[in-house]
>>> print(open('target_8.pdb').read())   # PDB, C-alpha atoms and all ligand atoms
MODEL        1
ATOM      1  CA  MET A  18     -15.458   9.065   4.175  1.00  0.00           C
ATOM      2  CA  TYR A  19     -14.911   7.325   0.842  1.00  0.00           C
ATOM      3  CA  THR A  20     -13.000   9.436  -1.680  1.00  0.00           C
ATOM      4  CA  LEU A  21     -12.659   8.807  -5.400  1.00  0.00           C
ATOM      5  CA  ALA A  22      -9.092   7.638  -5.949  1.00  0.00           C
ATOM      6  CA  TYR A  23      -8.531   5.998  -9.347  1.00  0.00           C
ATOM      7  CA  ASP A  24      -9.967   4.197 -12.326  1.00  0.00           C
ATOM      8  CA  TRP A  25     -10.275   0.460 -11.599  1.00  0.00           C
ATOM      9  CA  GLN A  26      -9.447  -0.705 -15.127  1.00  0.00           C
ATOM     10  CA  GLN A  27      -6.284   1.398 -15.199  1.00  0.00           C
ATOM     11  CA  LEU A  28      -5.254   0.086 -11.803  1.00  0.00           C
ATOM     12  CA  LEU A  29      -5.745  -3.484 -13.025  1.00  0.00           C
ATOM     13  CA  GLU A  30      -3.445  -2.755 -15.938  1.00  0.00           C
ATOM     14  CA  ARG A  31      -0.762  -0.939 -13.939  1.00  0.00           C
ATOM     15  CA  LYS A  32      -1.004  -3.166 -10.800  1.00  0.00           C
ATOM     16  CA  LYS A  33       0.325  -0.391  -8.547  1.00  0.00           C
ATOM     17  CA  VAL A  34       0.212   3.354  -8.632  1.00  0.00           C
ATOM     18  CA  ARG A  35       1.254   6.197  -6.367  1.00  0.00           C
ATOM     19  CA  ILE A  36      -1.423   8.835  -5.856  1.00  0.00           C
ATOM     20  CA  GLN A  37      -1.968  11.906  -3.744  1.00  0.00           C
ATOM     21  CA  LEU A  38      -5.315  12.534  -2.086  1.00  0.00           C
ATOM     22  CA  GLY A  39      -5.213  15.842  -0.252  1.00  0.00           C
ATOM     23  CA  PRO A  40      -2.237  15.712   2.117  1.00  0.00           C
ATOM     24  CA  ARG A  41      -1.923  11.915   1.915  1.00  0.00           C
ATOM     25  CA  VAL A  42       0.372  10.053  -0.459  1.00  0.00           C
ATOM     26  CA  LEU A  43      -0.940   6.547  -1.027  1.00  0.00           C
ATOM     27  CA  LEU A  44       0.050   3.403  -2.806  1.00  0.00           C
ATOM     28  CA  LEU A  45      -2.900   1.826  -4.606  1.00  0.00           C
ATOM     29  CA  LEU A  46      -2.609  -1.772  -5.714  1.00  0.00           C
ATOM     30  CA  ALA A  47      -4.714  -4.301  -7.578  1.00  0.00           C
ATOM     31  CA  PHE A  48      -4.398  -7.868  -6.401  1.00  0.00           C
ATOM     32  CA  GLU A  49      -6.748 -10.836  -6.838  1.00  0.00           C
ATOM     33  CA  ASP A  50      -9.594  -8.606  -8.069  1.00  0.00           C
ATOM     34  CA  LYS A  51      -9.402  -6.309  -5.065  1.00  0.00           C
ATOM     35  CA  ALA A  52      -7.991  -2.847  -4.544  1.00  0.00           C
ATOM     36  CA  TYR A  53      -5.657  -2.093  -1.652  1.00  0.00           C
ATOM     37  CA  ALA A  54      -4.531   1.255  -0.326  1.00  0.00           C
ATOM     38  CA  LEU A  55      -1.559   1.869   1.943  1.00  0.00           C
ATOM     39  CA  ALA A  56       0.377   4.901   3.080  1.00  0.00           C
ATOM     40  CA  ASP A  57       3.324   5.161   0.714  1.00  0.00           C
ATOM     41  CA  LYS A  58       5.860   5.168   3.501  1.00  0.00           C
ATOM     42  CA  CYS A  59       8.094   2.309   4.492  1.00  0.00           C
ATOM     43  CA  PRO A  60       7.991   1.600   8.237  1.00  0.00           C
ATOM     44  CA  HIS A  61      11.775   1.253   8.237  1.00  0.00           C
ATOM     45  CA  LYS A  62      13.109   4.664   7.169  1.00  0.00           C
ATOM     46  CA  GLY A  63      10.067   6.196   5.519  1.00  0.00           C
ATOM     47  CA  TYR A  64      11.053   5.829   1.884  1.00  0.00           C
ATOM     48  CA  PRO A  65       8.188   5.378  -0.611  1.00  0.00           C
ATOM     49  CA  ILE A  66       7.388   1.701  -1.009  1.00  0.00           C
ATOM     50  CA  SER A  67       5.615   2.402  -4.312  1.00  0.00           C
ATOM     51  CA  THR A  68       8.953   2.124  -6.136  1.00  0.00           C
ATOM     52  CA  GLY A  69       9.431  -1.447  -4.939  1.00  0.00           C
ATOM     53  CA  HIS A  70       8.853  -4.750  -6.685  1.00  0.00           C
ATOM     54  CA  PHE A  71       5.303  -6.099  -6.304  1.00  0.00           C
ATOM     55  CA  GLU A  72       4.471  -9.779  -6.657  1.00  0.00           C
ATOM     56  CA  LYS A  73       1.967 -12.209  -5.107  1.00  0.00           C
ATOM     57  CA  GLY A  74       0.598  -9.697  -2.613  1.00  0.00           C
ATOM     58  CA  ILE A  75       4.009  -8.642  -1.329  1.00  0.00           C
ATOM     59  CA  ILE A  76       5.752  -5.376  -2.060  1.00  0.00           C
ATOM     60  CA  GLN A  77       9.451  -5.166  -1.385  1.00  0.00           C
ATOM     61  CA  CYS A  78      10.919  -1.815  -0.414  1.00  0.00           C
ATOM     62  CA  LYS A  79      13.583  -0.838  -2.920  1.00  0.00           C
ATOM     63  CA  GLU A  80      15.820   0.740  -0.304  1.00  0.00           C
ATOM     64  CA  HIS A  81      16.706  -2.088   2.091  1.00  0.00           C
ATOM     65  CA  GLY A  82      14.427  -4.922   1.030  1.00  0.00           C
ATOM     66  CA  LEU A  83      11.738  -5.001   3.699  1.00  0.00           C
ATOM     67  CA  GLU A  84       8.770  -7.045   2.450  1.00  0.00           C
ATOM     68  CA  ILE A  85       5.253  -5.821   3.207  1.00  0.00           C
ATOM     69  CA  ASP A  86       2.101  -7.889   2.853  1.00  0.00           C
ATOM     70  CA  ILE A  87      -0.319  -5.467   1.194  1.00  0.00           C
ATOM     71  CA  ARG A  88      -3.349  -7.253   2.652  1.00  0.00           C
ATOM     72  CA  THR A  89      -2.322  -6.411   6.207  1.00  0.00           C
ATOM     73  CA  GLY A  90       0.228  -3.615   5.789  1.00  0.00           C
ATOM     74  CA  ILE A  91       2.567  -5.601   8.042  1.00  0.00           C
ATOM     75  CA  ALA A  92       6.115  -6.628   7.235  1.00  0.00           C
ATOM     76  CA  VAL A  93       6.522 -10.295   6.404  1.00  0.00           C
ATOM     77  CA  ASP A  94       8.094 -12.095   9.337  1.00  0.00           C
ATOM     78  CA  THR A  95      11.620 -12.688   8.095  1.00  0.00           C
ATOM     79  CA  GLN A  96      15.072 -12.381   9.547  1.00  0.00           C
ATOM     80  CA  LYS A  97      15.462  -9.195   7.524  1.00  0.00           C
ATOM     81  CA  SER A  98      12.346  -7.684   9.154  1.00  0.00           C
ATOM     82  CA  CYS A  99      13.711  -8.501  12.595  1.00  0.00           C
ATOM     83  CA  THR A 100      17.052  -6.948  11.736  1.00  0.00           C
ATOM     84  CA  LEU A 101      15.686  -3.790  10.113  1.00  0.00           C
ATOM     85  CA  ILE A 102      12.919  -3.170  12.653  1.00  0.00           C
ATOM     86  CA  PRO A 103      13.583  -5.043  15.910  1.00  0.00           C
ATOM     87  CA  ASN A 104      10.351  -3.843  17.543  1.00  0.00           C
ATOM     88  CA  ILE A 105       7.503  -5.924  16.075  1.00  0.00           C
ATOM     89  CA  GLN A 106       4.988  -3.177  16.952  1.00  0.00           C
ATOM     90  CA  GLU A 107       6.669  -0.856  14.440  1.00  0.00           C
ATOM     91  CA  ARG A 108       6.552  -3.133  11.395  1.00  0.00           C
ATOM     92  CA  GLY A 109       3.231  -1.952   9.990  1.00  0.00           C
ATOM     93  CA  ILE A 110       2.051   0.590   7.439  1.00  0.00           C
ATOM     94  CA  LYS A 111      -1.251   2.437   7.655  1.00  0.00           C
ATOM     95  CA  THR A 112      -3.834   0.726   5.470  1.00  0.00           C
ATOM     96  CA  TYR A 113      -7.151   2.060   4.209  1.00  0.00           C
ATOM     97  CA  GLN A 114     -10.407   0.367   3.279  1.00  0.00           C
ATOM     98  CA  THR A 115     -11.309   0.489  -0.396  1.00  0.00           C
ATOM     99  CA  LYS A 116     -14.342  -0.190  -2.514  1.00  0.00           C
ATOM    100  CA  ILE A 117     -14.924  -0.450  -6.233  1.00  0.00           C
ATOM    101  CA  GLU A 118     -18.070   1.093  -7.648  1.00  0.00           C
ATOM    102  CA  ASN A 119     -18.995   1.823 -11.248  1.00  0.00           C
ATOM    103  CA  GLY A 120     -15.465   1.144 -12.426  1.00  0.00           C
ATOM    104  CA  LYS A 121     -13.836   3.491  -9.917  1.00  0.00           C
ATOM    105  CA  VAL A 122     -11.740   2.840  -6.819  1.00  0.00           C
ATOM    106  CA  TYR A 123     -12.695   4.692  -3.645  1.00  0.00           C
ATOM    107  CA  VAL A 124     -10.581   4.913  -0.506  1.00  0.00           C
ATOM    108  CA  ASP A 125     -12.006   5.392   2.966  1.00  0.00           C
ATOM    109  CA  LEU A 126     -10.040   8.291   4.417  1.00  0.00           C
ATOM    110  CA  PRO A 127     -10.582   9.640   7.899  1.00  0.00           C
ATOM    111  CA  VAL A 128     -11.504  13.318   7.908  1.00  0.00           C
ATOM    112  CA  ILE A 129      -8.571  15.529   8.880  1.00  0.00           C
ATOM    113  CA  LYS A 130      -9.599  18.203  11.367  1.00  0.00           C
TER     114      LYS A 130
HETATM  115  S1  LIG B   1      13.358   2.277   3.954  1.00  0.00           S
HETATM  116 FE1  LIG B   1      12.270   0.528   3.348  1.00  0.00          FE
HETATM  117  S2  LIG B   1      13.500  -1.109   3.957  1.00  0.00           S
HETATM  118 FE2  LIG B   1      14.599   0.624   4.609  1.00  0.00          FE
ENDMDL
END
>>> encode(input="target_8.pdb", output="structure tokens")
Amino acid sequence: MYTLAYDWQQLLERKKVRIQLGPRVLLLLAFEDKAYALADKCPHKGYPISTGHFEKGIIQCKEHGLEIDIRTGIAVDTQKSCTLIPNIQERGIKTYQTKIENGKVYVDLPVIK
């Protein structure tokens, strides 16, 4: 179910923003005229990735430097990724579909039962 998350123009200006929608804490990003939504939780030790440096579609966790591709939610395949998270199956972050309508960003969130 799509949920209203943020103003698109403000997201374009800020590039990334941490938001809370119900029980979920998300990182919203604007990149190449699209909105992306990820769980704000690094797959390494769970720190918020929203505090990291964001450039060219990659956000780098501030804690230990893991780089996440926001388009896939998966850590970039580097030596650091292999060292921090040896199991390749555990290198991803939950991502959510988004849409932009009437100047607003909506995130597709599964209903919590
Ligand atoms: S918590 Fe993100 S790299 Fe360690």
>>> residues_around(input="target_8.pdb", residues="region 32-35 of chain A", least_positions_apart="2", cutoff="9 Å", atoms="all atoms listed in the file", output="list in words")
Gln27, Leu28, Leu29, Glu30, Gln37, Val42, Leu43, Leu44, Leu45, Leu46, Ala47, Phe48, Asp57, Ser67, Thr68 and Phe71 of chain A
>>> write_last_selection(input="target_8.pdb", atoms="C-alpha atoms", output="PDB file, keeping the file's coordinate frame")
ATOM      1  CA  GLN A  27      -6.284   1.398 -15.199  1.00  0.00           C
ATOM      2  CA  LEU A  28      -5.254   0.086 -11.803  1.00  0.00           C
ATOM      3  CA  LEU A  29      -5.745  -3.484 -13.025  1.00  0.00           C
ATOM      4  CA  GLU A  30      -3.445  -2.755 -15.938  1.00  0.00           C
ATOM      5  CA  GLN A  37      -1.968  11.906  -3.744  1.00  0.00           C
ATOM      6  CA  VAL A  42       0.372  10.053  -0.459  1.00  0.00           C
ATOM      7  CA  LEU A  43      -0.940   6.547  -1.027  1.00  0.00           C
ATOM      8  CA  LEU A  44       0.050   3.403  -2.806  1.00  0.00           C
ATOM      9  CA  LEU A  45      -2.900   1.826  -4.606  1.00  0.00           C
ATOM     10  CA  LEU A  46      -2.609  -1.772  -5.714  1.00  0.00           C
ATOM     11  CA  ALA A  47      -4.714  -4.301  -7.578  1.00  0.00           C
ATOM     12  CA  PHE A  48      -4.398  -7.868  -6.401  1.00  0.00           C
ATOM     13  CA  ASP A  57       3.324   5.161   0.714  1.00  0.00           C
ATOM     14  CA  SER A  67       5.615   2.402  -4.312  1.00  0.00           C
ATOM     15  CA  THR A  68       8.953   2.124  -6.136  1.00  0.00           C
ATOM     16  CA  PHE A  71       5.303  -6.099  -6.304  1.00  0.00           C
TER      17      PHE A  71
END
>>> atom_distance(input="target_8.pdb", atom1="CA of Gly109 (chain A)", atom2="CA of Gly90 (chain A)")
5.4 Å
>>> resolve_selection(input="target_8.pdb", expression="the PyMOL selection byres (((not hetatm)) within 6 of (chain B and resi 1))", output="ChimeraX atom specification")
/A:59,61-64,78,80-83
>>> atom_distance(input="target_8.pdb", atom1="CA of Tyr53 (chain A)", atom2="CA of Ser98 (chain A)")
21.7 Å
>>> resolve_selection(input="target_8.pdb", expression="the PyMOL selection byres (((chain A and resi 85) around 9) and not hetatm)", output="PyMOL selection string")
chain A and resi 59+66+74-78+83-84+86-93+108-110
>>> atom_distance(input="target_8.pdb", atom1="CA of Trp25 (chain A)", atom2="CA of Pro60 (chain A)")
27.0 Å
>>> resolve_selection(input="target_8.pdb", expression="the PyMOL selection byres (((chain A and resi 22) around 9) and not hetatm)", output="list in words")
Tyr19, Thr20, Leu21, Tyr23, Asp24, Ile36, Gln37, Leu38, Leu45, Lys121, Val122, Tyr123 and Val124 of chain A
>>> closest_residue(input="target_8.pdb", among="A:Lys51, A:Ile105, A:Ala56, A:Gln96", to="Glu118 (chain A)", atoms="only C-alpha atoms")
A:Lys51
>>> axis_aligned_box(input="target_8.pdb", around="region 33-41 of chain A", padding_each_side="3 Å", output="AutoDock Vina command-line options")
--center_x -2.0 --center_y 7.7 --center_z -3.3 --size_x 12.6 --size_y 22.2 --size_z 16.7
